[in-house]
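Undergrad: Handing you a structure now.
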Amino acid sequence: MTLPLHRSFIGEMIAHAQEDAPNECCGIIAGEDGRAVKLFRAKNAEASPWRYSVEPKDLFRIFRETEENGWSFLAIYHSHTASEAYPSPTDVRLAFWPEAYYVLVSLQDAGRPVVRAFRILDGEITEEEIAVA
């Protein structure tokens with residue numbers, strides 16, 4: 001499967017990752033009919049360079065707005081500040097949204113951020129293509 005994302009969403013995720021560094025950032029992209037419609041930045045409740053969890057108040061706010069608009073959680077994104085854009089064992093263990101893409105932004109090479117998308121289902125990781133619009 002392919003995750004279609006507008007260039008502005010990719011830029012926004014990279015900017016968020018850079019602004020929150022050295023801690024990981026996190027957020028959610030809402031979708032409708034498989035198309036990204038809104039990016040929600042969220043606070044990382046862990047405030048950590050190695051872990052993330054979406055602040056519960058942010059998760060509630062985002063979930064409520066997506067429900068009100070008939071959207072779904074198309075993608076959940078977060079950054080890796082010192083490692084590659086690939087799900088860690090912790091990321092896999094905490095992947096609670098099987099229908100969503102998991103997008104990782106790596107700042108391992110600060111001058112060349114890398115953005116990759118994955119599906120995580122029953123502990124199995126599958127990389128998915130990002131179609132930049």
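By order in the structure tokens, chains are A, B, ...; within a chain, residues start at 1; ligands start at 1, following the order shown.
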Please return as a count of residues only: the residues of chain A that backbone DSSP assigns to strand (DSSP E or B).
TA: 53
Undergrad: Find the spatial neighbours of region 27-29 of chain A, counting only C-alpha atoms, within a cut-off of 7 Å - ignore same-chain residues fewer than 6 positions away - and output them as a PyMOL selection string.
TA: chain A and resi 36+38-42+73-78
Undergrad: Quick one: of A:Pro89, A:Pro4, A:Gly123, A:Gly70, who's nearest to Arg35 (chain A), counting only C-alpha atoms?
TA: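 Of the candidates, the smallest distance to Arg35 (chain A) is held by A:Pro4.
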Undergrad: Can you tell me which residues surround region 10-12 of chain A at a distance of at most 9 Å, considering only C-alpha atoms, apart from same-chain residues fewer than 3 positions away, and format the answer as number ranges by chain?
TA: A: 5-7, 15-17, 39, 41, 115, 132
Undergrad: Need to verify the contact set: Glu84 (chain A), 8 Å, only C-alpha atoms, exclusion of same-chain residues closer than 5 positions in sequence. Can you return it as a PyMOL selection string?
TA: chain A and resi 106-108+114
Undergrad: Go ahead and write the residues just picked, N, CA, C and O atoms, as an mmCIF file, in the first residue's frame.
TA:
data_model
loop_
_atom_site.group_PDB
_atom_site.id
_atom_site.type_symbol
_atom_site.label_atom_id
_atom_site.label_comp_id
_atom_site.auth_asym_id
_atom_site.auth_seq_id
_atom_site.Cartn_x
_atom_site.Cartn_y
_atom_site.Cartn_z
ATOM 1 N N SER A 106 13.662 10.511 10.973
ATOM 2 C CA SER A 106 14.980 10.342 11.583
ATOM 3 C C SER A 106 15.803 11.608 11.412
ATOM 4 O O SER A 106 15.920 12.146 10.307
ATOM 5 N N LEU A 107 16.391 12.041 12.532
ATOM 6 C CA LEU A 107 17.323 13.167 12.517
ATOM 7 C C LEU A 107 18.743 12.683 12.781
ATOM 8 O O LEU A 107 19.599 13.450 13.206
ATOM 9 N N GLN A 108 18.981 11.399 12.521
ATOM 10 C CA GLN A 108 20.310 10.819 12.753
ATOM 11 C C GLN A 108 21.372 11.632 12.008
ATOM 12 O O GLN A 108 22.432 11.901 12.548
ATOM 13 N N VAL A 114 15.245 11.897 7.301
ATOM 14 C CA VAL A 114 14.664 10.794 6.531
ATOM 15 C C VAL A 114 13.265 10.518 7.080
ATOM 16 O O VAL A 114 13.075 10.433 8.290
#
Undergrad: Pick out the closest residue to Thr90 (chain A) from this set: A:Ser53, A:Pro22, A:Glu128, A:Lys43. Count only C-alpha atoms.
TA: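 Nearest to Thr90 (chain A): A:Ser53.
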Undergrad: Smallest atom-to-atom distance to Arg119 (chain A): which of A:Ala133, A:Thr66, A:Tyr101, A:Leu94, using only C-alpha atoms?
TA: A:Tyr101
Undergrad: With distances taken over only C-alpha atoms, which of A:Glu124, A:Asp33, A:Asp109, A:Asp91 is nearest to Leu3 (chain A)?
TA: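 Of A:Glu124, A:Asp33, A:Asp109, A:Asp91, the one nearest Leu3 (chain A) is A:Asp33, counting only C-alpha atoms.
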Undergrad: What does the distance between CA of Ile125 (chain A) and CA of Phe63 (chain A) come to in Å, to one decimal place?
TA: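 According to the coordinates, CA of Ile125 (chain A) and CA of Phe63 (chain A) are separated by 24.7 Å.
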Undergrad: Record the distance separating CA of Val37 (chain A) and CA of Ser72 (chain A), expressed in Å with one decimal.
TA: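 Atom-to-atom, CA of Val37 (chain A) and CA of Ser72 (chain A) are spaced 9.8 Å apart.
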Undergrad: Measure the distance from CA of Ala110 (chain A) to CA of Ile130 (chain A) in Å and round it to one decimal.
TA: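 Between CA of Ala110 (chain A) and CA of Ile130 (chain A) the gap is 20.7 Å.
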Undergrad: Within 10 Å of Asp20 (chain A), counting only C-alpha atoms, which residues show up once you throw out same-chain ones fewer than 6 positions away? Write them as an NGL selection string, please.
TA: :A and (26 or 43-44 or 47-49 or 79 or 81)
Undergrad: Create the file for the chosen residues now, containing C-alpha atoms and written as a PDB file, in the first residue's frame.
TA:
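Writing the result to again-v3.pdb gives the following:
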ATOM      1  CA  CYS A  26       4.883  12.920  18.040  1.00  0.00           C
ATOM      2  CA  LYS A  43       3.040  16.894  23.075  1.00  0.00           C
ATOM      3  CA  ASN A  44       5.313  13.973  23.916  1.00  0.00           C
ATOM      4  CA  ALA A  47       9.656  14.327  27.131  1.00  0.00           C
ATOM      5  CA  SER A  48      12.394  11.846  26.204  1.00  0.00           C
ATOM      6  CA  PRO A  49      14.973  11.356  23.440  1.00  0.00           C
ATOM      7  CA  SER A  79      10.857  11.138  15.483  1.00  0.00           C
ATOM      8  CA  THR A  81      16.674  11.820  17.038  1.00  0.00           C
TER       9      THR A  81
END
Undergrad: Based on the backbone DSSP call, show me all residues of chain A assigned alpha helix (DSSP H), as a ChimeraX atom specification.
TA: /A:7-20,56-69,89-93
Undergrad: Have a look at A:Ile14, A:His80, A:Ala131, A:Ala100 and name the one nearest to Pro113 (chain A); count only C-alpha atoms.
TA: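 With only C-alpha atoms as the atom set, the closest residue is A:Ile14.
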Undergrad: Measuring between only C-alpha atoms, which one of A:Thr126, A:Ser8, A:Thr2, A:Ser83 shows the shortest distance to Val105 (chain A)?
TA: A:Ser83
